[in-house]
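Dumped target11.tsv below, it's TSV, C-alpha atoms:
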chain	number	residue	atom	x	y	z
A	272	MET	CA	-13.86	-21.34	-1.51
A	273	ALA	CA	-12.18	-22.04	-4.83
A	274	ALA	CA	-13.83	-24.74	-6.90
A	275	ASP	CA	-10.85	-25.96	-8.91
A	276	GLU	CA	-10.40	-29.64	-8.09
A	277	GLN	CA	-6.65	-29.16	-8.20
A	278	CYS	CA	-6.69	-26.55	-5.46
A	279	LEU	CA	-4.53	-27.51	-2.50
A	280	ARG	CA	-6.17	-27.90	0.90
A	281	VAL	CA	-5.09	-25.46	3.60
A	282	ALA	CA	-6.20	-24.65	7.14
A	283	ILE	CA	-6.03	-21.63	9.42
A	284	LEU	CA	-5.24	-21.73	13.13
A	285	GLY	CA	-6.71	-18.66	14.77
A	286	ALA	CA	-9.96	-16.79	14.16
A	287	GLY	CA	-8.98	-13.26	15.10
A	288	LEU	CA	-8.58	-10.29	12.77
A	289	VAL	CA	-5.59	-11.85	11.00
A	290	GLY	CA	-7.18	-15.27	10.61
A	291	ILE	CA	-10.50	-14.00	9.25
A	292	ASP	CA	-8.87	-11.66	6.73
A	293	LEU	CA	-6.67	-14.55	5.63
A	294	ALA	CA	-9.79	-16.72	5.22
A	295	ASP	CA	-11.30	-14.02	3.01
A	296	LYS	CA	-8.15	-13.84	0.88
A	297	ILE	CA	-7.97	-17.62	0.48
A	298	ARG	CA	-11.66	-17.71	-0.47
A	299	ARG	CA	-10.77	-15.60	-3.51
A	300	SER	CA	-7.70	-17.69	-4.43
A	301	ALA	CA	-7.78	-19.86	-7.54
A	302	LYS	CA	-5.07	-22.13	-6.16
A	303	LEU	CA	-6.01	-22.84	-2.55
A	304	GLU	CA	-9.01	-24.41	-0.85
A	305	LEU	CA	-9.64	-23.42	2.76
A	306	ALA	CA	-10.76	-26.69	4.35
A	307	LEU	CA	-10.79	-25.60	8.01
A	308	VAL	CA	-10.66	-22.57	10.31
A	309	ALA	CA	-9.72	-23.62	13.84
A	310	GLY	CA	-10.13	-21.61	17.01
A	311	ARG	CA	-10.52	-22.42	20.70
A	312	ASP	CA	-13.81	-20.73	21.57
A	313	ARG	CA	-16.88	-22.08	19.75
A	314	ASP	CA	-18.75	-18.87	20.56
A	315	SER	CA	-16.08	-16.51	19.17
A	316	LEU	CA	-17.09	-13.86	16.67
A	317	GLY	CA	-14.28	-14.96	14.36
A	318	LEU	CA	-15.50	-18.54	14.04
A	319	ARG	CA	-19.04	-17.29	13.40
A	320	ARG	CA	-17.74	-15.02	10.65
A	321	ALA	CA	-15.75	-17.85	9.09
A	322	ALA	CA	-18.84	-20.07	9.13
A	323	ASP	CA	-20.90	-17.27	7.55
A	324	MET	CA	-18.31	-17.12	4.77
A	325	GLY	CA	-18.97	-20.81	4.12
A	326	HIS	CA	-15.83	-22.31	5.65
A	327	PRO	CA	-15.76	-25.40	7.89
A	328	THR	CA	-14.89	-24.39	11.46
A	329	THR	CA	-13.87	-26.05	14.70
A	330	ALA	CA	-13.16	-24.97	18.27
A	331	GLY	CA	-10.74	-27.88	18.68
A	332	GLY	CA	-7.54	-25.93	17.98
A	333	ILE	CA	-4.40	-27.71	16.84
A	334	ARG	CA	-5.70	-31.19	17.69
A	335	ALA	CA	-8.63	-30.74	15.35
A	336	VAL	CA	-6.32	-29.51	12.58
A	337	VAL	CA	-4.07	-32.55	12.88
A	338	ALA	CA	-7.10	-34.86	12.90
A	339	ALA	CA	-8.59	-33.22	9.79
A	340	GLY	CA	-5.36	-33.33	7.80
A	341	PRO	CA	-3.28	-33.76	5.88
A	342	PHE	CA	-3.09	-30.22	4.54
A	343	HIS	CA	-0.69	-28.73	2.03
A	344	ALA	CA	-0.22	-25.79	4.41
A	345	VAL	CA	-1.48	-24.53	7.75
A	346	PHE	CA	-1.40	-20.82	8.60
A	347	ASP	CA	-0.71	-20.06	12.24
A	348	ALA	CA	-2.54	-16.82	13.07
A	349	THR	CA	-2.62	-17.35	16.83
A	350	ASN	CA	0.16	-16.08	19.10
A	351	ALA	CA	3.89	-16.54	19.57
A	352	ASP	CA	3.54	-18.47	22.82
A	353	SER	CA	1.50	-21.25	21.14
A	354	HIS	CA	3.43	-21.57	17.91
A	355	ALA	CA	6.13	-24.00	19.07
A	356	GLU	CA	3.40	-26.40	20.21
A	357	HIS	CA	1.69	-26.11	16.83
A	358	TRP	CA	4.91	-26.87	14.93
A	359	ALA	CA	5.63	-29.86	17.16
A	360	ALA	CA	2.17	-31.27	16.35
A	361	LEU	CA	2.31	-30.61	12.61
A	362	ARG	CA	5.94	-31.45	11.88
A	363	PRO	CA	5.39	-35.25	11.65
A	364	THR	CA	2.51	-34.77	9.19
A	365	GLY	CA	4.60	-33.25	6.39
A	366	THR	CA	2.46	-30.11	6.34
A	367	THR	CA	4.04	-26.73	5.64
A	368	LEU	CA	3.45	-24.40	8.58
A	369	VAL	CA	3.28	-20.70	7.69
A	370	ASP	CA	3.91	-18.68	10.83
A	371	LEU	CA	2.22	-15.28	11.05
A	372	THR	CA	3.22	-14.89	14.70
A	373	PRO	CA	6.51	-13.18	15.66
A	374	THR	CA	8.21	-16.24	17.14
A	375	GLY	CA	11.42	-16.07	15.10
A	376	LEU	CA	11.20	-19.85	14.60
A	377	GLY	CA	11.46	-21.44	11.18
A	378	THR	CA	12.94	-19.94	8.01
A	379	ALA	CA	12.34	-16.19	7.72
A	380	VAL	CA	10.82	-15.40	4.31
A	381	VAL	CA	9.96	-12.07	2.67
A	382	PRO	CA	8.50	-12.04	-0.87
A	383	GLY	CA	10.83	-10.52	-3.42
A	384	VAL	CA	13.81	-10.88	-1.09
A	385	ASN	CA	14.18	-14.61	-0.54
A	386	SER	CA	10.82	-16.13	-1.48
A	387	HIS	CA	12.66	-18.64	-3.66
A	388	ARG	CA	13.67	-20.38	-0.42
A	389	SER	CA	10.10	-21.09	0.65
A	390	ALA	CA	9.66	-24.20	-1.50
A	391	ALA	CA	12.60	-25.90	0.20
A	392	HIS	CA	11.31	-25.45	3.76
A	393	ARG	CA	8.23	-26.59	5.66
A	394	HIS	CA	8.42	-24.12	8.54
A	395	LEU	CA	8.15	-20.58	7.23
A	396	ASN	CA	8.40	-17.48	9.41
A	397	LEU	CA	6.77	-14.30	8.07
A	398	VAL	CA	8.73	-12.19	10.63
A	399	SER	CA	6.10	-9.51	11.41
A	400	CYS	CA	3.91	-6.97	9.64
A	401	GLY	CA	6.57	-4.31	10.22
A	402	GLY	CA	9.23	-6.66	8.90
A	403	GLN	CA	7.22	-7.34	5.74
A	404	ALA	CA	6.87	-3.59	5.15
A	405	ALA	CA	10.45	-2.59	5.99
A	406	ILE	CA	12.70	-5.45	4.87
A	407	PRO	CA	12.13	-5.18	1.09
A	408	VAL	CA	13.18	-1.52	1.27
A	409	LEU	CA	16.08	-2.10	3.66
A	410	HIS	CA	17.36	-5.05	1.64
A	411	ALA	CA	17.30	-2.89	-1.49
A	412	ILE	CA	19.27	-0.17	0.31
A	413	SER	CA	21.83	-2.67	1.60
A	414	LYS	CA	22.60	-3.76	-1.97
A	415	ARG	CA	23.65	-0.19	-2.82
A	416	CYS	CA	25.64	0.79	0.28
A	417	THR	CA	26.94	-0.59	3.59
A	418	PRO	CA	24.56	0.14	6.48
A	419	THR	CA	26.15	0.53	9.91
A	420	TYR	CA	22.94	1.25	11.85
A	421	ILE	CA	19.24	0.80	11.06
A	422	GLU	CA	16.30	2.12	13.03
A	423	VAL	CA	12.70	1.18	12.25
A	424	VAL	CA	9.61	2.71	13.86
A	425	SER	CA	6.24	1.12	13.07
A	426	THR	CA	3.00	2.93	13.89
A	427	GLY	CA	-0.33	1.16	13.63
A	428	ALA	CA	-3.87	1.91	14.66
A	429	SER	CA	-4.92	0.44	18.01
A	430	ALA	CA	-8.00	-0.90	16.26
A	431	SER	CA	-5.85	-3.07	13.99
A	432	ALA	CA	-3.89	-4.69	16.84
A	433	GLY	CA	-5.64	-7.63	18.46
A	434	ARG	CA	-4.97	-9.21	21.83
A	435	ALA	CA	-2.27	-11.56	20.49
A	436	THR	CA	-0.41	-8.67	18.86
A	437	ARG	CA	-0.36	-6.73	22.13
A	438	LEU	CA	0.81	-9.76	24.11
A	439	ASN	CA	3.58	-10.46	21.60
A	440	LEU	CA	5.16	-7.00	21.33
A	441	ASP	CA	8.46	-8.11	22.89
A	442	GLN	CA	8.71	-11.02	20.44
A	443	TYR	CA	7.70	-8.69	17.60
A	444	ILE	CA	10.59	-6.36	18.35
A	445	ALA	CA	13.15	-9.13	18.83
A	446	THR	CA	12.13	-11.09	15.72
A	447	THR	CA	11.93	-8.03	13.48
A	448	SER	CA	15.31	-6.76	14.66
A	449	ALA	CA	16.94	-10.14	14.03
A	450	ALA	CA	15.42	-10.40	10.55
A	451	ILE	CA	16.60	-6.90	9.62
A	452	ARG	CA	20.14	-7.79	10.69
A	453	THR	CA	19.99	-11.00	8.66
A	454	PHE	CA	18.62	-9.49	5.46
A	455	THR	CA	20.88	-6.41	5.48
A	456	ALA	CA	24.06	-7.82	7.09
A	457	THR	CA	23.85	-4.92	9.55
A	458	ARG	CA	24.98	-5.60	13.12
A	459	ASP	CA	23.14	-2.75	14.79
A	460	ALA	CA	19.35	-2.58	14.30
A	461	LYS	CA	16.71	-1.04	16.55
A	462	VAL	CA	12.94	-1.58	16.22
A	463	MET	CA	10.18	0.38	17.94
A	464	VAL	CA	6.39	-0.01	17.81
A	465	ASN	CA	3.65	2.54	18.44
A	466	LEU	CA	-0.07	1.80	18.67
A	467	SER	CA	-2.12	4.91	18.02
A	468	PRO	CA	-5.62	5.43	19.49
A	469	ALA	CA	-6.19	8.41	17.16
A	470	ARG	CA	-9.55	8.90	15.47
A	471	PRO	CA	-9.93	8.54	12.58
A	472	ALA	CA	-7.59	5.55	12.76
A	473	PRO	CA	-4.30	6.23	10.96
A	474	PRO	CA	-2.92	3.93	8.25
A	475	PHE	CA	-0.03	1.61	9.02
A	476	ARG	CA	3.24	3.54	8.72
A	477	VAL	CA	6.88	2.44	8.95
A	478	ALA	CA	9.69	4.98	9.22
A	479	MET	CA	13.27	3.83	8.57
A	480	THR	CA	16.57	5.56	9.25
A	481	VAL	CA	19.74	4.05	7.80
A	482	LEU	CA	23.26	5.22	8.61
A	483	ALA	CA	25.59	3.91	5.93
A	484	ASP	CA	28.90	4.22	4.16
A	485	GLY	CA	29.22	4.60	0.41
A	486	ILE	CA	25.80	6.12	-0.27
A	487	ARG	CA	25.16	7.08	-3.89
A	488	PRO	CA	21.77	8.83	-4.06
A	489	ALA	CA	20.65	7.86	-7.57
A	490	PRO	CA	21.17	4.07	-7.23
A	491	VAL	CA	19.61	4.10	-3.76
A	492	ARG	CA	16.50	5.88	-5.02
A	493	THR	CA	16.22	3.53	-8.00
A	494	SER	CA	16.51	0.43	-5.80
A	495	ILE	CA	13.90	1.69	-3.32
A	496	ALA	CA	11.47	2.46	-6.15
A	497	ALA	CA	11.94	-1.03	-7.60
A	498	ALA	CA	11.41	-2.65	-4.19
A	499	ALA	CA	8.21	-0.66	-3.62
A	500	GLN	CA	6.89	-1.65	-7.04
A	501	ALA	CA	7.55	-5.32	-6.26
A	502	VAL	CA	5.64	-5.09	-2.96
A	503	ARG	CA	2.69	-3.37	-4.65
A	504	ALA	CA	2.32	-6.40	-6.92
A	505	TYR	CA	0.78	-8.28	-3.97
A	506	THR	CA	-0.05	-5.39	-1.58
A	507	PRO	CA	-1.47	-2.57	-3.76
A	508	GLY	CA	-1.80	-0.18	-0.80
A	509	PHE	CA	1.97	-0.02	-0.22
A	510	LYS	CA	3.68	3.27	-1.06
A	511	VAL	CA	6.78	5.27	-0.21
A	512	THR	CA	5.62	8.54	1.34
A	513	SER	CA	8.98	10.23	1.93
A	514	LEU	CA	12.61	9.69	1.02
A	515	ALA	CA	15.67	11.75	1.88
A	516	VAL	CA	19.18	10.70	0.89
A	517	ALA	CA	22.11	12.61	2.37
A	518	PRO	CA	25.79	11.81	2.94
A	519	GLY	CA	25.90	9.01	5.51
A	520	ARG	CA	22.13	8.92	6.10
A	521	ILE	CA	18.97	7.67	4.41
A	522	SER	CA	15.49	8.39	5.77
A	523	VAL	CA	12.52	6.64	4.18
A	524	ALA	CA	8.91	6.18	5.24
A	525	VAL	CA	6.29	3.86	3.82
A	526	GLU	CA	2.55	3.62	4.33
A	527	VAL	CA	0.31	0.60	3.85
A	528	THR	CA	-3.45	0.86	3.46
A	529	ALA	CA	-5.66	-2.20	3.14
A	530	SER	CA	-7.42	-2.41	-0.20
A	531	GLY	CA	-10.36	-4.67	-1.00
A	532	GLY	CA	-11.77	-7.48	1.10
A	533	ARG	CA	-13.15	-7.11	4.62
A	534	LEU	CA	-10.40	-5.02	6.21
A	535	PRO	CA	-10.74	-1.33	7.05
A	536	ARG	CA	-8.22	0.84	5.22
A	537	HIS	CA	-6.16	1.50	8.35
A	538	ALA	CA	-5.39	-2.23	8.79
A	539	GLY	CA	-2.49	-2.24	6.34
A	540	ASN	CA	-0.40	-4.15	8.88
A	541	VAL	CA	-2.77	-7.12	8.60
A	542	ASP	CA	-3.09	-6.78	4.83
A	543	ILE	CA	0.63	-6.90	4.05
A	544	ILE	CA	1.55	-9.95	6.15
A	545	ASN	CA	-1.52	-11.89	4.99
A	546	ALA	CA	-0.86	-10.97	1.36
A	547	ALA	CA	2.72	-12.22	1.77
A	548	ALA	CA	1.52	-15.48	3.32
A	549	LEU	CA	-0.99	-16.04	0.53
A	550	LEU	CA	1.53	-15.28	-2.21
A	551	LEU	CA	4.15	-17.66	-0.82
A	552	THR	CA	1.63	-20.48	-0.43
A	553	GLU	CA	0.18	-19.96	-3.91
A	554	GLN	CA	3.69	-20.08	-5.35
A	555	SER	CA	4.31	-23.30	-3.42
A	556	ALA	CA	1.04	-24.73	-4.75
A	557	ALA	CA	2.02	-23.90	-8.32
A	558	ALA	CA	5.44	-25.50	-7.85
A	559	SER	CA	3.93	-28.71	-6.49
A	560	ARG	CA	1.79	-29.40	-9.55
This entry written out as structure tokens:
Amino acid sequence: MAADEQCLRVAILGAGLVGIDLADKIRRSAKLELALVAGRDRDSLGLRRAADMGHPTTAGGIRAVVAAGPFHAVFDATNADSHAEHWAALRPTGTTLVDLTPTGLGTAVVPGVNSHRSAAHRHLNLVSCGGQAAIPVLHAISKRCTPTYIEVVSTGASASAGRATRLNLDQYIATTSAAIRTFTATRDAKVMVNLSPARPAPPFRVAMTVLADGIRPAPVRTSIAAAAQAVRAYTPGFKVTSLAVAPGRISVAVEVTASGGRLPRHAGNVDIINAAALLLTEQSAAASR
């Protein structure tokens, strides 16, 4: 937990893989103080790990968070089906709710694309891990040509997908597709998800195919490289692994490996969305001082 008395108090809803990695990231933040980790099962491994890290914990869920507030921000790392209830409870408190579930509610925010909008809204939607990996690249491409069709295939290790992720796959696909259309002004977008049981567990990979008019290879390559560099500023394990630019078609693949902290390297999907959530909240904290 950060010791700076000016650190802003935040809380986490959810003590699964996403919530505990987020707790670890906040613990190392100089701008945020993690005042509470809330789950629903007092005997859960996640709450025990959070307590071992020195964070206050509760099994009281959203009610306990509201009672312990106010907080500058609350991170929802639960599931899409519960998020609307959480927003309804927190909205009257003035707290900013950062949604790490694929509900599609709130204002969709991706660092480096429209993060400047986050300070003006109190209900932020982080889209999905695949969205955080793909949208910076796709947005960069859309500034250099006119996409007519976009296809995105995300492949993650089974070990990095918890129960909530598996239950929310339909919402994941719908929310990611909608965000891609919004950020690229492309009407036709298709999203697919694969969970791989391979051993050793593979890193998180996202393959993108863009059909477009007016492709100029050099500007497209330059824009993709700049977008990747911007993402690496907060997710060091992000890299472009292949890029092919041809008349009418762009194929690009990225890979995200988790670096540092408690996550295994294959859990790049968790790393990138949590890093985005932390960055946006730290920027909000700096702006509020």
Practice item. Identify the residues within 10 Å of coordinate (10.3, -26.3, -2.0) (same frame as the file), considering all atoms listed in the file, and give the answer as a list of chain:residue names. Key: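 The answer, in the requested form, is A:Thr367, A:His387, A:Arg388, A:Ser389, A:Ala390, A:Ala391, A:His392, A:Arg393, A:Gln554, A:Ser555, A:Ala556, A:Ala558, A:Ser559.
Of the listed residues A:Arg492, A:Lys302, A:Arg280, A:His354, the one whose atoms come nearest to Leu409 in chain A is A:Arg492, with distances taken using only C-alpha atoms.
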Revision key, fill the gap. For His410 in chain A, the closest of A:Val491, A:Val337, A:Ala428, A:Leu397 counting all atoms listed in the file is A:Val491
Practice item. For range 401-405 of chain A, work out the shell of residues within 9 Å, counting all atoms listed in the file and skipping chain neighbours fewer than 2 positions away, then give it as a ChimeraX atom specification. Key: /A:380-382,397-399,407-410,423-426,443,446-448,450-451,464,475-479,502,509,524-527,540,543-544,547
Practice item. Please provide the set of residues having any atom within 9 Å of Val369 in chain A, restricted to only C-alpha atoms, with same-chain residues fewer than 2 positions apart removed, written as an MDAnalysis selection string. Key: chainID A and resid 344:348 367 371 377 393:397 548 552
